[in-house]
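Chemist: Supplied structure: my_file_31.txt, compact mmCIF, C-alpha atoms.
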```txt
# COMPACT_ATOMS: atom_id res chain seq x y z
CA MET A 1370 70.77 -155.12 -47.81
CA ILE A 1371 71.53 -156.32 -51.32
CA ALA A 1372 74.60 -158.45 -52.12
CA ASN A 1373 77.53 -156.57 -53.69
CA LYS A 1374 77.49 -158.77 -56.84
CA VAL A 1375 73.78 -158.15 -57.39
CA GLU A 1376 74.19 -154.42 -56.71
CA LYS A 1377 76.96 -154.21 -59.32
CA ALA A 1378 74.90 -156.18 -61.86
CA ILE A 1379 71.91 -153.87 -61.36
CA ASN A 1380 74.12 -150.78 -61.69
CA ASP A 1381 75.46 -152.23 -64.94
CA GLN A 1382 71.88 -152.85 -66.08
CA ILE A 1383 70.90 -149.25 -65.30
CA CYS A 1384 73.69 -148.18 -67.64
CA ALA A 1385 72.55 -150.70 -70.28
CA GLU A 1386 68.96 -149.43 -70.08
CA LEU A 1387 70.09 -145.81 -70.36
CA TYR A 1388 72.21 -146.76 -73.38
CA SER A 1389 69.10 -148.41 -74.85
CA ALA A 1390 67.20 -145.16 -74.36
CA TYR A 1391 70.06 -143.25 -75.98
CA LEU A 1392 70.15 -145.70 -78.90
CA TYR A 1393 66.42 -145.39 -79.51
CA LEU A 1394 66.60 -141.61 -79.32
CA ALA A 1395 69.38 -141.68 -81.94
CA MET A 1396 67.22 -143.94 -84.09
CA SER A 1397 64.31 -141.54 -83.68
CA ALA A 1398 66.54 -138.67 -84.83
CA TYR A 1399 67.62 -140.72 -87.85
CA PHE A 1400 63.99 -141.25 -88.82
CA GLN A 1401 63.13 -137.59 -88.19
CA ALA A 1402 65.88 -136.60 -90.62
CA ALA A 1403 64.50 -139.09 -93.16
CA ASN A 1404 61.01 -137.56 -92.77
CA LEU A 1405 59.57 -140.84 -91.47
CA GLN A 1406 57.61 -139.40 -88.56
CA GLY A 1407 55.83 -142.64 -87.66
CA PHE A 1408 59.09 -144.56 -87.41
CA ALA A 1409 60.54 -141.66 -85.38
CA ASN A 1410 57.53 -141.82 -83.06
CA TRP A 1411 57.92 -145.58 -82.57
CA MET A 1412 61.54 -145.09 -81.56
CA ARG A 1413 60.65 -142.17 -79.29
CA VAL A 1414 58.19 -144.40 -77.45
CA GLN A 1415 60.96 -147.01 -77.13
CA TYR A 1416 63.17 -144.29 -75.65
CA GLN A 1417 60.50 -143.56 -73.04
CA GLU A 1418 60.11 -147.25 -72.20
CA GLU A 1419 63.85 -147.76 -71.78
CA THR A 1420 64.10 -144.71 -69.54
CA LEU A 1421 61.31 -146.15 -67.41
CA HIS A 1422 63.19 -149.47 -67.26
CA ALA A 1423 66.36 -147.73 -66.05
CA LEU A 1424 64.39 -145.91 -63.36
CA LYS A 1425 62.70 -149.13 -62.29
CA PHE A 1426 66.12 -150.71 -61.68
CA TYR A 1427 67.34 -147.50 -60.01
CA ASP A 1428 64.36 -147.35 -57.64
CA TYR A 1429 64.68 -151.04 -56.82
CA LEU A 1430 68.33 -150.66 -55.91
CA VAL A 1431 67.57 -147.70 -53.65
CA GLU A 1432 64.66 -149.57 -52.04
CA ARG A 1433 66.97 -152.50 -51.25
CA GLY A 1434 69.54 -150.24 -49.59
CA GLY A 1435 72.00 -150.49 -52.46
CA ARG A 1436 74.16 -147.70 -53.81
CA VAL A 1437 73.39 -146.40 -57.27
CA LYS A 1438 76.56 -145.83 -59.26
CA LEU A 1439 75.83 -144.11 -62.56
CA GLN A 1440 78.28 -144.98 -65.31
CA PRO A 1441 79.26 -143.33 -68.60
CA ILE A 1442 76.88 -144.01 -71.46
CA ALA A 1443 78.43 -144.92 -74.81
CA GLU A 1444 77.64 -142.81 -77.86
CA PRO A 1445 75.12 -144.53 -80.15
CA PRO A 1446 75.44 -144.63 -83.96
CA LEU A 1447 74.11 -141.68 -85.97
CA LYS A 1448 73.27 -143.32 -89.30
CA TRP A 1449 71.97 -146.58 -90.68
CA ALA A 1450 71.72 -147.92 -94.22
CA SER A 1451 67.93 -148.22 -94.21
CA PRO A 1452 64.84 -148.48 -92.01
CA LEU A 1453 65.28 -152.24 -92.11
CA ALA A 1454 68.87 -151.91 -90.83
CA VAL A 1455 67.61 -149.78 -87.94
CA PHE A 1456 65.01 -152.34 -86.91
CA GLU A 1457 67.43 -155.24 -87.35
CA GLU A 1458 69.76 -153.45 -84.93
CA SER A 1459 66.85 -152.76 -82.59
CA TYR A 1460 65.87 -156.44 -82.58
CA ALA A 1461 69.47 -157.57 -82.01
CA HIS A 1462 69.78 -155.02 -79.21
CA GLU A 1463 66.63 -156.28 -77.48
CA ARG A 1464 67.98 -159.83 -77.64
CA LYS A 1465 71.19 -158.59 -76.00
CA VAL A 1466 69.21 -156.86 -73.23
CA THR A 1467 67.24 -160.06 -72.67
CA ALA A 1468 70.52 -161.95 -72.20
CA LEU A 1469 71.73 -159.32 -69.70
CA ILE A 1470 68.53 -159.58 -67.66
CA ASN A 1471 68.72 -163.38 -67.72
CA LYS A 1472 72.28 -163.18 -66.35
CA ILE A 1473 71.09 -161.03 -63.45
CA ALA A 1474 68.26 -163.50 -62.82
CA ASP A 1475 70.81 -166.35 -62.76
CA LEU A 1476 72.97 -164.35 -60.36
CA ALA A 1477 70.00 -163.65 -58.09
CA ILE A 1478 69.27 -167.39 -57.95
CA ALA A 1479 72.92 -168.18 -57.21
CA GLU A 1480 72.97 -165.56 -54.43
CA GLY A 1481 69.64 -166.75 -52.97
CA ASP A 1482 68.20 -163.26 -53.61
CA HIS A 1483 64.52 -164.08 -54.05
CA ALA A 1484 63.43 -160.44 -53.94
CA THR A 1485 65.58 -159.55 -56.93
CA GLY A 1486 64.46 -162.72 -58.70
CA ALA A 1487 60.82 -161.73 -58.21
CA MET A 1488 61.43 -158.16 -59.40
CA LEU A 1489 63.20 -159.43 -62.51
CA GLN A 1490 60.20 -161.49 -63.60
CA TRP A 1491 58.54 -158.28 -64.78
CA PHE A 1492 61.55 -157.60 -66.99
CA VAL A 1493 61.68 -161.18 -68.28
CA THR A 1494 58.06 -160.86 -69.42
CA GLU A 1495 58.64 -157.36 -70.79
CA GLN A 1496 61.56 -158.55 -72.91
CA VAL A 1497 59.38 -161.14 -74.63
CA GLU A 1498 57.16 -158.26 -75.80
CA GLU A 1499 60.13 -156.04 -76.67
CA GLU A 1500 61.73 -158.69 -78.89
CA ALA A 1501 58.45 -159.65 -80.56
CA SER A 1502 57.58 -156.03 -81.31
CA ALA A 1503 60.92 -155.28 -83.00
CA GLU A 1504 60.97 -158.62 -84.86
CA LYS A 1505 57.46 -157.99 -86.23
CA ILE A 1506 58.57 -154.73 -87.82
CA VAL A 1507 61.75 -156.35 -89.19
CA GLU A 1508 59.58 -158.95 -90.92
CA GLU A 1509 57.18 -156.30 -92.25
CA LEU A 1510 60.07 -154.25 -93.64
CA LYS A 1511 61.46 -157.34 -95.35
CA LEU A 1512 58.08 -157.89 -97.01
CA ILE A 1513 57.90 -154.24 -98.04
CA GLY A 1514 61.30 -154.28 -99.73
CA ASP A 1515 61.59 -151.26 -102.03
CA ASN A 1516 57.86 -150.51 -102.09
CA SER A 1517 57.73 -146.87 -100.97
CA GLY A 1518 53.93 -146.89 -100.81
CA ALA A 1519 53.98 -149.78 -98.34
CA LEU A 1520 56.73 -148.03 -96.37
CA PHE A 1521 54.49 -144.94 -96.17
CA MET A 1522 51.60 -147.09 -94.90
CA LEU A 1523 53.77 -148.67 -92.21
CA ASP A 1524 55.02 -145.20 -91.23
CA ARG A 1525 51.40 -144.09 -90.74
CA GLU A 1526 50.69 -147.17 -88.64
CA LEU A 1527 53.73 -146.56 -86.41
CA ARG A 1528 52.67 -142.95 -85.89
CA ALA A 1529 49.75 -144.18 -83.76
CA ARG A 1530 51.92 -145.78 -81.07
CA VAL A 1531 51.77 -144.02 -77.70
CA PHE A 1532 53.76 -144.45 -74.52
CA THR A 1533 51.69 -146.09 -71.83
CA PRO A 1534 53.49 -146.49 -68.53
CA PRO A 1535 52.65 -149.65 -66.60
CA PRO A 1536 50.30 -149.36 -63.63
CA ALA A 1537 51.98 -148.13 -60.44
CA SER A 1538 51.89 -151.64 -58.98
CA ALA A 1539 53.97 -152.97 -61.91
CA ALA A 1540 56.32 -149.97 -62.22
```
Starting from the file, give its structure as structure tokens.

Modeler:
Amino acid sequence: MIANKVEKAINDQICAELYSAYLYLAMSAYFQAANLQGFANWMRVQYQEETLHALKFYDYLVERGGRVKLQPIAEPPLKWASPLAVFEESYAHERKVTALINKIADLAIAEGDHATGAMLQWFVTEQVEEEASAEKIVEELKLIGDNSGALFMLDRELRARVFTPPPASAA
């Protein structure tokens, strides 16, 4: 059985991951409307990853005998000032998610919950990649500035991203 504090923290994280998915889907819609299909694709892949993360927490909680308590998901923004503003928000959001996961890891240590601590290591590693990926595009967009040709090239590059779920042993 999982401790009540850890169960609550994981339920909160399920909600946070589902909000992340919602946010990235809203960002994808923003890019679709701006006719930036590659950017929209990148965000759609993020949506899929965040949904997978929520389900990973969900499945873990069930496996540990905890009770899943789904919570309301806040409405994400609809518009941003620019592609750079979208990716700056994405990067800031990933940093926030990293902090949330670290808090659960600290709680697991405090509660002596080694199983949760071990499970969270996958997320700790994943967040390093999530932050780096968003930050890289922020830096590229800063370099691009107002160069629409370079923006078009980056859009083409982002179109190639595909969702690749982790192997079953990691998921």

Chemist: At a cut-off of 12 Å, using all atoms listed in the file, what residues contact Arg1530 in chain A? Leave out same-chain residues fewer than 5 positions from it and give the result as a ChimeraX atom specification.

Modeler: /A:1406-1415,1417,1502,1523-1525

Chemist: Let me make sure I understand: among A:Leu1510, A:Ala1487, A:Leu1424, A:Pro1535, which one has the smallest atom-to-atom distance to Glu1386 in chain A if we use only C-alpha atoms?

Modeler: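 Closest candidate: A:Leu1424.
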
Chemist: One decimal, in Å: what's the spacing between CA of Ala1501 in chain A and CA of Phe1456 in chain A?

Modeler: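 Distance between the two atoms: 11.7 Å.
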
Chemist: If we count all atoms listed in the file, what is near Ala1454 in chain A at a cut-off of 12 Å, once residues fewer than 4 positions away on the same chain are taken out, given as a short mmCIF file (atom, residue, chain, number, x, y, z; two decimals) with C-alpha atoms, in the coordinates of the input?

Modeler:
```cif
data_model
loop_
_atom_site.label_atom_id
_atom_site.label_comp_id
_atom_site.auth_asym_id
_atom_site.auth_seq_id
_atom_site.Cartn_x
_atom_site.Cartn_y
_atom_site.Cartn_z
CA MET A 1396 67.22 -143.94 -84.09
CA TYR A 1399 67.62 -140.72 -87.85
CA PHE A 1400 63.99 -141.25 -88.82
CA PRO A 1446 75.44 -144.63 -83.96
CA LYS A 1448 73.27 -143.32 -89.30
CA TRP A 1449 71.97 -146.58 -90.68
CA ALA A 1450 71.72 -147.92 -94.22
CA GLU A 1458 69.76 -153.45 -84.93
CA SER A 1459 66.85 -152.76 -82.59
CA TYR A 1460 65.87 -156.44 -82.58
CA ALA A 1461 69.47 -157.57 -82.01
CA ALA A 1503 60.92 -155.28 -83.00
CA GLU A 1504 60.97 -158.62 -84.86
CA ILE A 1506 58.57 -154.73 -87.82
CA VAL A 1507 61.75 -156.35 -89.19
CA GLU A 1508 59.58 -158.95 -90.92
CA LEU A 1510 60.07 -154.25 -93.64
CA LYS A 1511 61.46 -157.34 -95.35
CA GLY A 1514 61.30 -154.28 -99.73
#
```

Chemist: Interatomic distance between CA of Glu1500 in chain A and CA of Thr1467 in chain A?

Modeler: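 Atom-to-atom, CA of Glu1500 in chain A and CA of Thr1467 in chain A are spaced 8.4 Å apart.
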
Chemist: Given all atoms listed in the file as the basis, pick out the residue of A:Val1375, A:Met1370, A:Val1497, A:Leu1392 nearest to Thr1485 in chain A.

Modeler: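 Ranked by minimum distance to Thr1485 in chain A, first place goes to A:Val1375.
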
Chemist: Could you write range 1503-1532 of chain A as a tab-separated table (two decimals), keeping the file's coordinate frame, with N, CA and C atoms rebuilt where they are missing?

Modeler:
```
chain	number	residue	atom	x	y	z
A	1503	ALA	N	59.88	-155.66	-82.04
A	1503	ALA	CA	60.92	-155.28	-83.00
A	1503	ALA	C	60.99	-156.29	-84.15
A	1504	GLU	N	60.89	-157.58	-83.82
A	1504	GLU	CA	60.97	-158.62	-84.86
A	1504	GLU	C	59.81	-158.50	-85.85
A	1505	LYS	N	58.64	-158.15	-85.35
A	1505	LYS	CA	57.46	-157.99	-86.23
A	1505	LYS	C	57.73	-156.92	-87.29
A	1506	ILE	N	58.30	-155.81	-86.87
A	1506	ILE	CA	58.57	-154.73	-87.82
A	1506	ILE	C	59.70	-155.12	-88.78
A	1507	VAL	N	60.69	-155.85	-88.30
A	1507	VAL	CA	61.75	-156.35	-89.19
A	1507	VAL	C	61.11	-157.19	-90.30
A	1508	GLU	N	60.22	-158.08	-89.93
A	1508	GLU	CA	59.58	-158.95	-90.92
A	1508	GLU	C	58.70	-158.15	-91.88
A	1509	GLU	N	58.00	-157.15	-91.38
A	1509	GLU	CA	57.18	-156.30	-92.25
A	1509	GLU	C	58.06	-155.53	-93.23
A	1510	LEU	N	59.17	-155.00	-92.75
A	1510	LEU	CA	60.07	-154.25	-93.64
A	1510	LEU	C	60.70	-155.16	-94.70
A	1511	LYS	N	60.96	-156.39	-94.35
A	1511	LYS	CA	61.46	-157.34	-95.35
A	1511	LYS	C	60.41	-157.59	-96.43
A	1512	LEU	N	59.16	-157.71	-96.04
A	1512	LEU	CA	58.08	-157.89	-97.01
A	1512	LEU	C	57.91	-156.66	-97.90
A	1513	ILE	N	58.07	-155.50	-97.31
A	1513	ILE	CA	57.90	-154.24	-98.04
A	1513	ILE	C	58.97	-154.08	-99.12
A	1514	GLY	N	60.20	-154.44	-98.77
A	1514	GLY	CA	61.30	-154.28	-99.73
A	1514	GLY	C	61.44	-152.84	-100.17
A	1515	ASP	N	61.43	-152.61	-101.47
A	1515	ASP	CA	61.59	-151.26	-102.03
A	1515	ASP	C	60.27	-150.56	-102.33
A	1516	ASN	N	59.17	-151.08	-101.83
A	1516	ASN	CA	57.86	-150.51	-102.09
A	1516	ASN	C	57.63	-149.29	-101.20
A	1517	SER	N	57.84	-148.10	-101.77
A	1517	SER	CA	57.73	-146.87	-100.97
A	1517	SER	C	56.31	-146.62	-100.48
A	1518	GLY	N	55.32	-147.05	-101.24
A	1518	GLY	CA	53.93	-146.89	-100.81
A	1518	GLY	C	53.65	-147.71	-99.55
A	1519	ALA	N	54.16	-148.93	-99.53
A	1519	ALA	CA	53.98	-149.78	-98.34
A	1519	ALA	C	54.76	-149.22	-97.15
A	1520	LEU	N	55.94	-148.66	-97.43
A	1520	LEU	CA	56.73	-148.03	-96.37
A	1520	LEU	C	55.95	-146.86	-95.76
A	1521	PHE	N	55.30	-146.06	-96.63
A	1521	PHE	CA	54.49	-144.94	-96.17
A	1521	PHE	C	53.34	-145.44	-95.29
A	1522	MET	N	52.71	-146.55	-95.69
A	1522	MET	CA	51.60	-147.09	-94.90
A	1522	MET	C	52.07	-147.57	-93.53
A	1523	LEU	N	53.23	-148.23	-93.49
A	1523	LEU	CA	53.77	-148.67	-92.21
A	1523	LEU	C	54.14	-147.46	-91.34
A	1524	ASP	N	54.68	-146.42	-91.96
A	1524	ASP	CA	55.02	-145.20	-91.23
A	1524	ASP	C	53.77	-144.61	-90.58
A	1525	ARG	N	52.66	-144.60	-91.31
A	1525	ARG	CA	51.40	-144.09	-90.74
A	1525	ARG	C	50.94	-144.95	-89.57
A	1526	GLU	N	51.09	-146.25	-89.72
A	1526	GLU	CA	50.69	-147.17	-88.64
A	1526	GLU	C	51.53	-146.92	-87.39
A	1527	LEU	N	52.83	-146.74	-87.56
A	1527	LEU	CA	53.73	-146.56	-86.41
A	1527	LEU	C	53.53	-145.21	-85.73
A	1528	ARG	N	52.95	-144.27	-86.45
A	1528	ARG	CA	52.67	-142.95	-85.89
A	1528	ARG	C	51.65	-143.02	-84.74
A	1529	ALA	N	50.83	-144.06	-84.75
A	1529	ALA	CA	49.75	-144.18	-83.76
A	1529	ALA	C	50.22	-144.71	-82.41
A	1530	ARG	N	51.43	-145.21	-82.33
A	1530	ARG	CA	51.92	-145.78	-81.07
A	1530	ARG	C	52.09	-144.69	-80.02
A	1531	VAL	N	51.63	-144.97	-78.80
A	1531	VAL	CA	51.77	-144.02	-77.70
A	1531	VAL	C	52.43	-144.72	-76.51
A	1532	PHE	N	53.13	-143.94	-75.73
A	1532	PHE	CA	53.76	-144.45	-74.52
A	1532	PHE	C	52.70	-144.61	-73.44
```
